[in-house]
Each structure stands twice: as C-alpha cells, then as structure tokens.
>>> print(open('work_32.pdb').read())   # PDB, C-alpha atoms
ATOM      1  CA  MET I  13      79.536  82.088  76.730
ATOM      2  CA  ALA I  14      80.118  85.787  76.071
ATOM      3  CA  MET I  15      83.831  85.240  75.509
ATOM      4  CA  ASP I  16      83.161  82.189  73.290
ATOM      5  CA  GLU I  17      80.752  84.282  71.218
ATOM      6  CA  GLY I  18      83.351  87.009  70.754
ATOM      7  CA  ILE I  19      81.610  89.627  72.881
ATOM      8  CA  CYS I  20      84.033  92.317  74.007
ATOM      9  CA  PRO I  21      84.995  91.774  77.671
ATOM     10  CA  GLU I  22      84.177  95.418  78.453
ATOM     11  CA  THR I  23      80.677  94.972  76.987
ATOM     12  CA  ALA I  24      80.193  91.736  78.928
ATOM     13  CA  ILE I  25      81.118  93.548  82.128
ATOM     14  CA  ASP I  26      79.253  96.811  81.500
ATOM     15  CA  GLU I  27      76.102  95.411  79.883
ATOM     16  CA  GLY I  28      75.975  92.089  81.697
ATOM     17  CA  LEU I  29      77.645  91.867  85.084
ATOM     18  CA  ALA I  30      77.392  95.532  86.067
ATOM     19  CA  LYS I  31      73.748  95.797  84.975
ATOM     20  CA  GLY I  32      72.921  92.678  86.954
ATOM     21  CA  MET I  33      74.656  94.029  90.059
ATOM     22  CA  GLU I  34      72.845  97.372  89.645
ATOM     23  CA  ASP I  35      69.557  95.439  89.656
ATOM     24  CA  ILE I  36      70.684  93.503  92.729
ATOM     25  CA  SER I  37      71.614  96.768  94.453
ATOM     26  CA  THR I  38      68.207  98.289  93.696
ATOM     27  CA  LEU I  39      66.400  95.199  94.979
ATOM     28  CA  PHE I  40      68.510  95.307  98.155
ATOM     29  CA  ASP I  41      67.880  99.031  98.690
ATOM     30  CA  ASP I  42      64.139  98.413  98.192
ATOM     31  CA  GLY I  43      64.167  95.613 100.792
ATOM     32  CA  LYS I  44      63.171  92.964  98.225
ATOM     33  CA  ILE I  45      66.307  90.878  98.721
ATOM     34  CA  PHE I  46      68.706  90.568 101.636
ATOM     35  CA  LEU I  47      72.398  90.051 102.397
ATOM     36  CA  PRO I  48      72.494  86.319 101.489
ATOM     37  CA  GLN I  49      71.218  87.106  97.983
ATOM     38  CA  ILE I  50      73.739  89.960  97.623
ATOM     39  CA  LEU I  51      76.569  87.631  98.608
ATOM     40  CA  MET I  52      75.384  84.912  96.210
ATOM     41  CA  ALA I  53      75.155  87.426  93.356
ATOM     42  CA  SER I  54      78.580  88.861  94.116
ATOM     43  CA  LYS I  55      80.138  85.387  94.218
ATOM     44  CA  ALA I  56      78.556  84.571  90.850
ATOM     45  CA  MET I  57      79.816  87.848  89.450
ATOM     46  CA  GLU I  58      83.323  87.283  90.794
ATOM     47  CA  ALA I  59      83.341  83.805  89.190
ATOM     48  CA  ALA I  60      82.352  85.397  85.869
ATOM     49  CA  LEU I  61      85.090  88.024  86.257
ATOM     50  CA  ASP I  62      87.609  85.221  86.826
ATOM     51  CA  VAL I  63      86.620  83.846  83.403
ATOM     52  CA  ILE I  64      86.772  87.260  81.727
ATOM     53  CA  GLU I  65      89.989  88.435  83.422
ATOM     54  CA  PRO I  66      92.430  86.603  81.105
ATOM     55  CA  TYR I  67      90.874  88.421  78.149
ATOM     56  CA  MET I  68      91.329  91.714  79.966
ATOM     57  CA  LYS I  69      95.018  91.029  80.566
ATOM     58  CA  ARG I  70      95.556  90.658  76.842
ATOM     59  CA  GLY I  71      94.727  94.325  76.568
ATOM     60  CA  ASP I  72      91.191  93.878  75.236
ATOM     61  CA  VAL I  73      89.784  95.994  78.055
ATOM     62  CA  ARG I  74      90.968  99.160  79.706
ATOM     63  CA  LEU I  75      90.111  99.056  83.386
ATOM     64  CA  LYS I  76      88.320 102.150  84.637
ATOM     65  CA  GLY I  77      90.549 102.720  87.653
ATOM     66  CA  VAL I  78      92.411 101.011  90.477
ATOM     67  CA  ILE I  79      90.748 100.886  93.884
ATOM     68  CA  VAL I  80      92.507  99.567  97.005
ATOM     69  CA  MET I  81      90.022  98.517  99.687
ATOM     70  CA  GLY I  82      90.308  97.251 103.236
ATOM     71  CA  SER I  83      88.775  97.333 106.688
ATOM     72  CA  VAL I  84      90.844  99.684 108.836
ATOM     73  CA  LYS I  85      93.273  98.587 111.530
ATOM     74  CA  GLY I  86      91.467  97.150 114.524
ATOM     75  CA  ASP I  87      88.344  96.238 112.563
ATOM     76  CA  ILE I  88      87.863  92.600 111.598
ATOM     77  CA  HIS I  89      84.496  93.040 109.855
ATOM     78  CA  SER I  90      84.539  92.615 106.105
ATOM     79  CA  ILE I  91      81.120  91.653 104.727
ATOM     80  CA  GLY I  92      80.170  95.198 103.690
ATOM     81  CA  LYS I  93      83.635  95.799 102.252
ATOM     82  CA  ASN I  94      83.435  92.532 100.332
ATOM     83  CA  VAL I  95      80.122  93.510  98.767
ATOM     84  CA  CYS I  96      81.541  96.948  97.839
ATOM     85  CA  CYS I  97      84.553  95.261  96.234
ATOM     86  CA  ALA I  98      82.255  92.985  94.244
ATOM     87  CA  MET I  99      80.172  95.943  93.044
ATOM     88  CA  LEU I 100      83.281  97.839  91.936
ATOM     89  CA  ARG I 101      84.697  94.800  90.116
ATOM     90  CA  GLY I 102      81.387  94.307  88.385
ATOM     91  CA  ALA I 103      81.524  97.922  87.210
ATOM     92  CA  GLY I 104      84.911  97.335  85.560
ATOM     93  CA  PHE I 105      87.349  98.636  88.169
ATOM     94  CA  LYS I 106      90.470  96.811  89.261
ATOM     95  CA  VAL I 107      89.969  96.197  92.976
ATOM     96  CA  VAL I 108      92.740  95.176  95.332
ATOM     97  CA  ASP I 109      91.143  93.830  98.501
ATOM     98  CA  LEU I 110      93.567  93.976 101.433
ATOM     99  CA  GLY I 111      91.129  92.256 103.780
ATOM    100  CA  ALA I 112      90.426  93.275 107.370
ATOM    101  CA  ASP I 113      92.511  94.885 110.131
ATOM    102  CA  VAL I 114      94.692  96.763 107.618
ATOM    103  CA  SER I 115      97.293  99.244 108.814
ATOM    104  CA  GLY I 116      97.949 102.602 107.187
ATOM    105  CA  ASP I 117     101.389 101.373 106.084
ATOM    106  CA  THR I 118      99.811  98.418 104.284
ATOM    107  CA  PHE I 119      97.361 100.744 102.509
ATOM    108  CA  ILE I 120     100.283 102.991 101.464
ATOM    109  CA  ALA I 121     102.382 100.108 100.171
ATOM    110  CA  ALA I 122      99.455  98.712  98.158
ATOM    111  CA  ALA I 123      98.571 102.150  96.768
ATOM    112  CA  LYS I 124     102.127 102.649  95.533
ATOM    113  CA  GLU I 125     102.519  99.110  94.183
ATOM    114  CA  GLU I 126      99.170  99.063  92.384
ATOM    115  CA  GLY I 127      99.120 102.688  91.209
ATOM    116  CA  ALA I 128      95.842 103.230  93.063
ATOM    117  CA  ASP I 129      93.478 105.994  92.080
ATOM    118  CA  ILE I 130      91.356 105.577  95.201
ATOM    119  CA  ILE I 131      91.788 103.966  98.603
ATOM    120  CA  GLY I 132      88.716 102.861 100.548
ATOM    121  CA  GLY I 133      88.692 102.219 104.278
ATOM    122  CA  SER I 134      85.750 100.536 105.976
ATOM    123  CA  ALA I 135      84.977 100.705 109.696
ATOM    124  CA  LEU I 136      82.075  98.850 111.273
ATOM    125  CA  MET I 137      82.923  99.657 114.888
ATOM    126  CA  THR I 138      82.847 103.154 116.380
ATOM    127  CA  VAL I 139      86.186 102.489 118.084
ATOM    128  CA  SER I 140      87.859 101.939 114.694
ATOM    129  CA  LEU I 141      86.657 105.253 113.188
ATOM    130  CA  PRO I 142      89.803 107.129 114.332
ATOM    131  CA  GLN I 143      91.789 104.824 112.048
ATOM    132  CA  GLN I 144      90.049 106.438 109.071
ATOM    133  CA  ARG I 145      91.304 109.831 110.267
ATOM    134  CA  GLU I 146      94.772 108.340 110.730
ATOM    135  CA  MET I 147      94.717 107.006 107.144
ATOM    136  CA  VAL I 148      94.052 110.491 105.757
ATOM    137  CA  ARG I 149      96.816 111.968 107.932
ATOM    138  CA  VAL I 150      99.369 109.340 106.911
ATOM    139  CA  PHE I 151      98.524 109.632 103.194
ATOM    140  CA  LYS I 152      98.939 113.407 103.297
ATOM    141  CA  GLU I 153     102.167 113.077 105.274
ATOM    142  CA  GLU I 154     103.423 110.568 102.703
ATOM    143  CA  GLY I 155     102.462 112.945  99.871
ATOM    144  CA  LEU I 156     100.286 110.365  98.110
ATOM    145  CA  SER I 157      98.085 111.801  95.402
ATOM    146  CA  VAL I 158      95.323 109.280  95.950
ATOM    147  CA  LEU I 159      91.673 109.876  96.731
ATOM    148  CA  THR I 160      90.236 108.431  99.949
ATOM    149  CA  ILE I 161      86.737 107.076 100.451
ATOM    150  CA  PHE I 162      85.194 105.737 103.612
ATOM    151  CA  GLY I 163      82.134 103.887 104.798
ATOM    152  CA  GLY I 164      80.764 101.620 107.480
ATOM    153  CA  ALA I 165      77.925 101.735 109.981
ATOM    154  CA  PRO I 166      79.318 104.431 112.320
ATOM    155  CA  CYS I 167      80.721 106.507 109.451
ATOM    156  CA  SER I 168      78.875 109.499 107.957
ATOM    157  CA  GLU I 169      79.250 112.191 105.306
ATOM    158  CA  GLU I 170      79.985 114.712 108.070
ATOM    159  CA  TRP I 171      82.672 112.471 109.563
ATOM    160  CA  VAL I 172      84.422 112.034 106.217
ATOM    161  CA  GLN I 173      84.395 115.804 105.654
ATOM    162  CA  GLU I 174      85.755 116.373 109.168
ATOM    163  CA  ILE I 175      88.703 114.024 108.650
ATOM    164  CA  GLY I 176      89.506 115.368 105.176
ATOM    165  CA  GLY I 177      88.424 112.327 103.163
ATOM    166  CA  ASP I 178      87.310 112.699  99.560
ATOM    167  CA  GLY I 179      84.101 110.680  99.623
ATOM    168  CA  TYR I 180      81.574 108.758 101.678
ATOM    169  CA  SER I 181      79.561 105.745 100.630
ATOM    170  CA  ALA I 182      76.519 104.834 102.689
ATOM    171  CA  SER I 183      76.067 101.460 100.978
ATOM    172  CA  ALA I 184      77.430  99.081  98.381
ATOM    173  CA  GLY I 185      74.776 100.427  96.043
ATOM    174  CA  ASP I 186      76.294 103.925  96.283
ATOM    175  CA  ILE I 187      79.967 103.072  95.945
ATOM    176  CA  VAL I 188      80.133 102.724  92.154
ATOM    177  CA  LYS I 189      78.456 106.120  91.655
ATOM    178  CA  LEU I 190      80.809 107.712  94.187
ATOM    179  CA  VAL I 191      83.940 106.268  92.570
ATOM    180  CA  ARG I 192      82.826 107.263  89.068
ATOM    181  CA  LYS I 193      82.050 110.797  90.263
ATOM    182  CA  LEU I 194      85.429 111.197  91.995
ATOM    183  CA  LEU I 195      87.383 109.855  89.017
ATOM    184  CA  ASP I 196      85.440 112.075  86.596
ATOM    185  CA  GLN I 197      86.438 115.115  88.671
ATOM    186  CA  GLN I 198      90.153 114.362  88.336
TER     187      GLN I 198
END
>>> encode(input="work_32.pdb", output="structure tokens")
Amino acid sequence: MAMDEGICPETAIDEGLAKGMEDISTLFDDGKIFLPQILMASKAMEAALDVIEPYMKRGDVRLKGVIVMGSVKGDIHSIGKNVCCAMLRGAGFKVVDLGADVSGDTFIAAAKEEGADIIGGSALMTVSLPQQREMVRVFKEEGLSVLTIFGGAPCSEEWVQEIGGDGYSASAGDIVKLVRKLLDQQ
C-alpha cells in the first residue's frame, strides 16, 4: 500500500518496518513476546521488503550499508543470525546472508563481491568460537578494510576485544545500534 500511495521506500522502511521491528525487539527484551513472535514478525517484514526492493533498485533509496552475515564454520545454528539479518534489513541495510557453517574464504569472497562494510559471524557453540578469531586473522592477512562484528551465546564483549573484532552484539535488538555506531565512526 505504501508504494501504491507514493510513499518513499526509505520512509516506508524507516518509519514503518524498522519502527515495528524496534517495538518487537523491545517486547522481546522485556519478555512480553518470544522467539515464535520474533520469527513471524521478521518473516512479515522480509515479505514487505521483497515488495519494496524493486523500488529501491530503481535508485529511489540509498541503502545505509552492506552487511555480510553468517554462522561461522562448524556451526550449523542460524536462528539468532536470521533474526539479526531481519532486524538489519528492516533498518535499511543491505544484508547478504551466507547461511550456516561458513568458511573464512566464503566470508572474504562475499565481502569483496558485495563491497561489504561489515562482516558478522555468529557462533552458538563454544567449540566454534575459535572460528571467530580465525575470521579476524584471515581478514587482516587478506588486507580487507571491513569491520567485523560477532555474537552468539558463548560470545562476549571481552572475547571480541581479545580476538580483535570491532563489535559485539548481545542480541538481535542490539545489532542495529551497533552497526549504526560502527558505520558512523568510519
């Protein structure tokens, strides 16, 4: 309806989808809704973005940044990553979701191909945490000028600092603020 009524795609995203997802995030953080409601909201938002996307490709909207996301090599869990991707899309970022069990080489190739501003690596299992460290090492070795963010249950702010990452997100509700902050500092 927003596109039919001539509402700017950026306004529809910022004032509609993103605001709705911010409300969803707050409700989730407050324990008033749970993961099934988050997933339903993110699917609805992604469906709306699919409708708006053709208008964005015509140049009506300038995306706020390119984020490449994936669960690190050895980790097949993706629900948290999927919710983070949905939140970032709803906030107007281009998100390239590489899925689960993603190698450092795949992250590098996607970062180069997509012109990524930020790469995010999720780890839900303690045994996959070293892959986050490996990502930072490989990116530095490759000379990529891309910011790295990490999250997942066993991950922490201290861990991300130790491995040389640029940012840590404790939840899907925090990721949009983190990404905006990092991009504003560039």
>>> closest_residue(input="work_32.pdb", among="I:Met99, I:Met147, I:Leu194, I:Leu61", to="Gly82 (chain I)", atoms="only C-alpha atoms")
I:Met147
>>> closest_atom_pairs(input="work_32.pdb", of="region 62-131 of chain I", to="region 162-183 of chain I", cutoff="9 Å", atoms="all atoms listed in the file", output="CSV")
residue,atom,partner,partner_atom,distance
I:Gly92,CA,I:Gly164,CA,7.5
I:Lys93,CA,I:Gly164,CA,8.3
I:Cys96,CA,I:Ser183,CA,7.8
I:Ile131,CA,I:Phe162,CA,8.5
>>> closest_atom_pairs(input="work_32.pdb", of="region 59-167 of chain I", to="region 35-55 of chain I", cutoff="8 Å", atoms="all atoms listed in the file", output="JSON lines")
{"residue": "I:Ala59", "atom": "CA", "partner": "I:Lys55", "partner_atom": "CA", "distance": 6.2}
{"residue": "I:Val95", "atom": "CA", "partner": "I:Ser54", "partner_atom": "CA", "distance": 6.8}
{"residue": "I:Ala98", "atom": "CA", "partner": "I:Ser54", "partner_atom": "CA", "distance": 5.5}
{"residue": "I:Met99", "atom": "CA", "partner": "I:Ser54", "partner_atom": "CA", "distance": 7.3}
>>> atom_distance(input="work_32.pdb", atom1="CA of Asp113 (chain I)", atom2="CA of Lys76 (chain I)")
26.8 Å
>>> resolve_selection(input="work_32.pdb", expression="the PyMOL selection byres ((chain I and resi 24) around 10)", output="PyMOL selection string")
chain I and resi 13-15+18-23+25-31+60-61+64+102+104
>>> resolve_selection(input="work_32.pdb", expression="the PyMOL selection byres ((chain I and resi 127) around 10)", output="mmCIF file with C-alpha atoms, keeping the file's coordinate frame")
data_model
loop_
_atom_site.group_PDB
_atom_site.id
_atom_site.type_symbol
_atom_site.label_atom_id
_atom_site.label_comp_id
_atom_site.auth_asym_id
_atom_site.auth_seq_id
_atom_site.Cartn_x
_atom_site.Cartn_y
_atom_site.Cartn_z
ATOM 1 C CA GLY I 77 90.549 102.720 87.653
ATOM 2 C CA VAL I 78 92.411 101.011 90.477
ATOM 3 C CA ILE I 79 90.748 100.886 93.884
ATOM 4 C CA VAL I 80 92.507 99.567 97.005
ATOM 5 C CA ALA I 121 102.382 100.108 100.171
ATOM 6 C CA ALA I 122 99.455 98.712 98.158
ATOM 7 C CA ALA I 123 98.571 102.150 96.768
ATOM 8 C CA LYS I 124 102.127 102.649 95.533
ATOM 9 C CA GLU I 125 102.519 99.110 94.183
ATOM 10 C CA GLU I 126 99.170 99.063 92.384
ATOM 11 C CA ALA I 128 95.842 103.230 93.063
ATOM 12 C CA ASP I 129 93.478 105.994 92.080
ATOM 13 C CA ILE I 130 91.356 105.577 95.201
ATOM 14 C CA VAL I 158 95.323 109.280 95.950
#
>>> closest_residue(input="work_32.pdb", among="I:Ser90, I:Val107, I:Cys97, I:Met137", to="Ala184 (chain I)", atoms="only C-alpha atoms")
I:Cys97
>>> closest_residue(input="work_32.pdb", among="I:Gly111, I:Gly86, I:Gly185, I:Gly155", to="Ser140 (chain I)", atoms="only C-alpha atoms")
I:Gly86
>>> atom_distance(input="work_32.pdb", atom1="CA of Ile88 (chain I)", atom2="CA of Asp109 (chain I)")
13.6 Å
>>> atom_distance(input="work_32.pdb", atom1="CA of Leu195 (chain I)", atom2="CA of Glu58 (chain I)")
23.0 Å
>>> closest_residue(input="work_32.pdb", among="I:Val108, I:Leu136, I:Lys193, I:Ile187", to="Glu34 (chain I)", atoms="all atoms listed in the file")
I:Ile187
>>> resolve_selection(input="work_32.pdb", expression="the PyMOL selection byres ((chain I and resi 143) around 9)", output="PDB file with C-alpha atoms, in the coordinates of the input")
ATOM      1  CA  VAL I  84      90.844  99.684 108.836  1.00  0.00           C
ATOM      2  CA  LYS I  85      93.273  98.587 111.530  1.00  0.00           C
ATOM      3  CA  GLY I  86      91.467  97.150 114.524  1.00  0.00           C
ATOM      4  CA  SER I 115      97.293  99.244 108.814  1.00  0.00           C
ATOM      5  CA  GLY I 116      97.949 102.602 107.187  1.00  0.00           C
ATOM      6  CA  GLY I 133      88.692 102.219 104.278  1.00  0.00           C
ATOM      7  CA  ALA I 135      84.977 100.705 109.696  1.00  0.00           C
ATOM      8  CA  VAL I 139      86.186 102.489 118.084  1.00  0.00           C
ATOM      9  CA  SER I 140      87.859 101.939 114.694  1.00  0.00           C
ATOM     10  CA  LEU I 141      86.657 105.253 113.188  1.00  0.00           C
ATOM     11  CA  PRO I 142      89.803 107.129 114.332  1.00  0.00           C
ATOM     12  CA  GLN I 144      90.049 106.438 109.071  1.00  0.00           C
ATOM     13  CA  ARG I 145      91.304 109.831 110.267  1.00  0.00           C
ATOM     14  CA  GLU I 146      94.772 108.340 110.730  1.00  0.00           C
ATOM     15  CA  MET I 147      94.717 107.006 107.144  1.00  0.00           C
ATOM     16  CA  VAL I 148      94.052 110.491 105.757  1.00  0.00           C
TER      17      VAL I 148
END
>>> closest_residue(input="work_32.pdb", among="I:Val188, I:Leu159, I:Ile91, I:Leu100", to="Ile120 (chain I)", atoms="all atoms listed in the file")
I:Leu159
>>> closest_residue(input="work_32.pdb", among="I:Asp196, I:Asp87, I:Met57, I:Gly32", to="Thr138 (chain I)", atoms="all atoms listed in the file")
I:Asp87
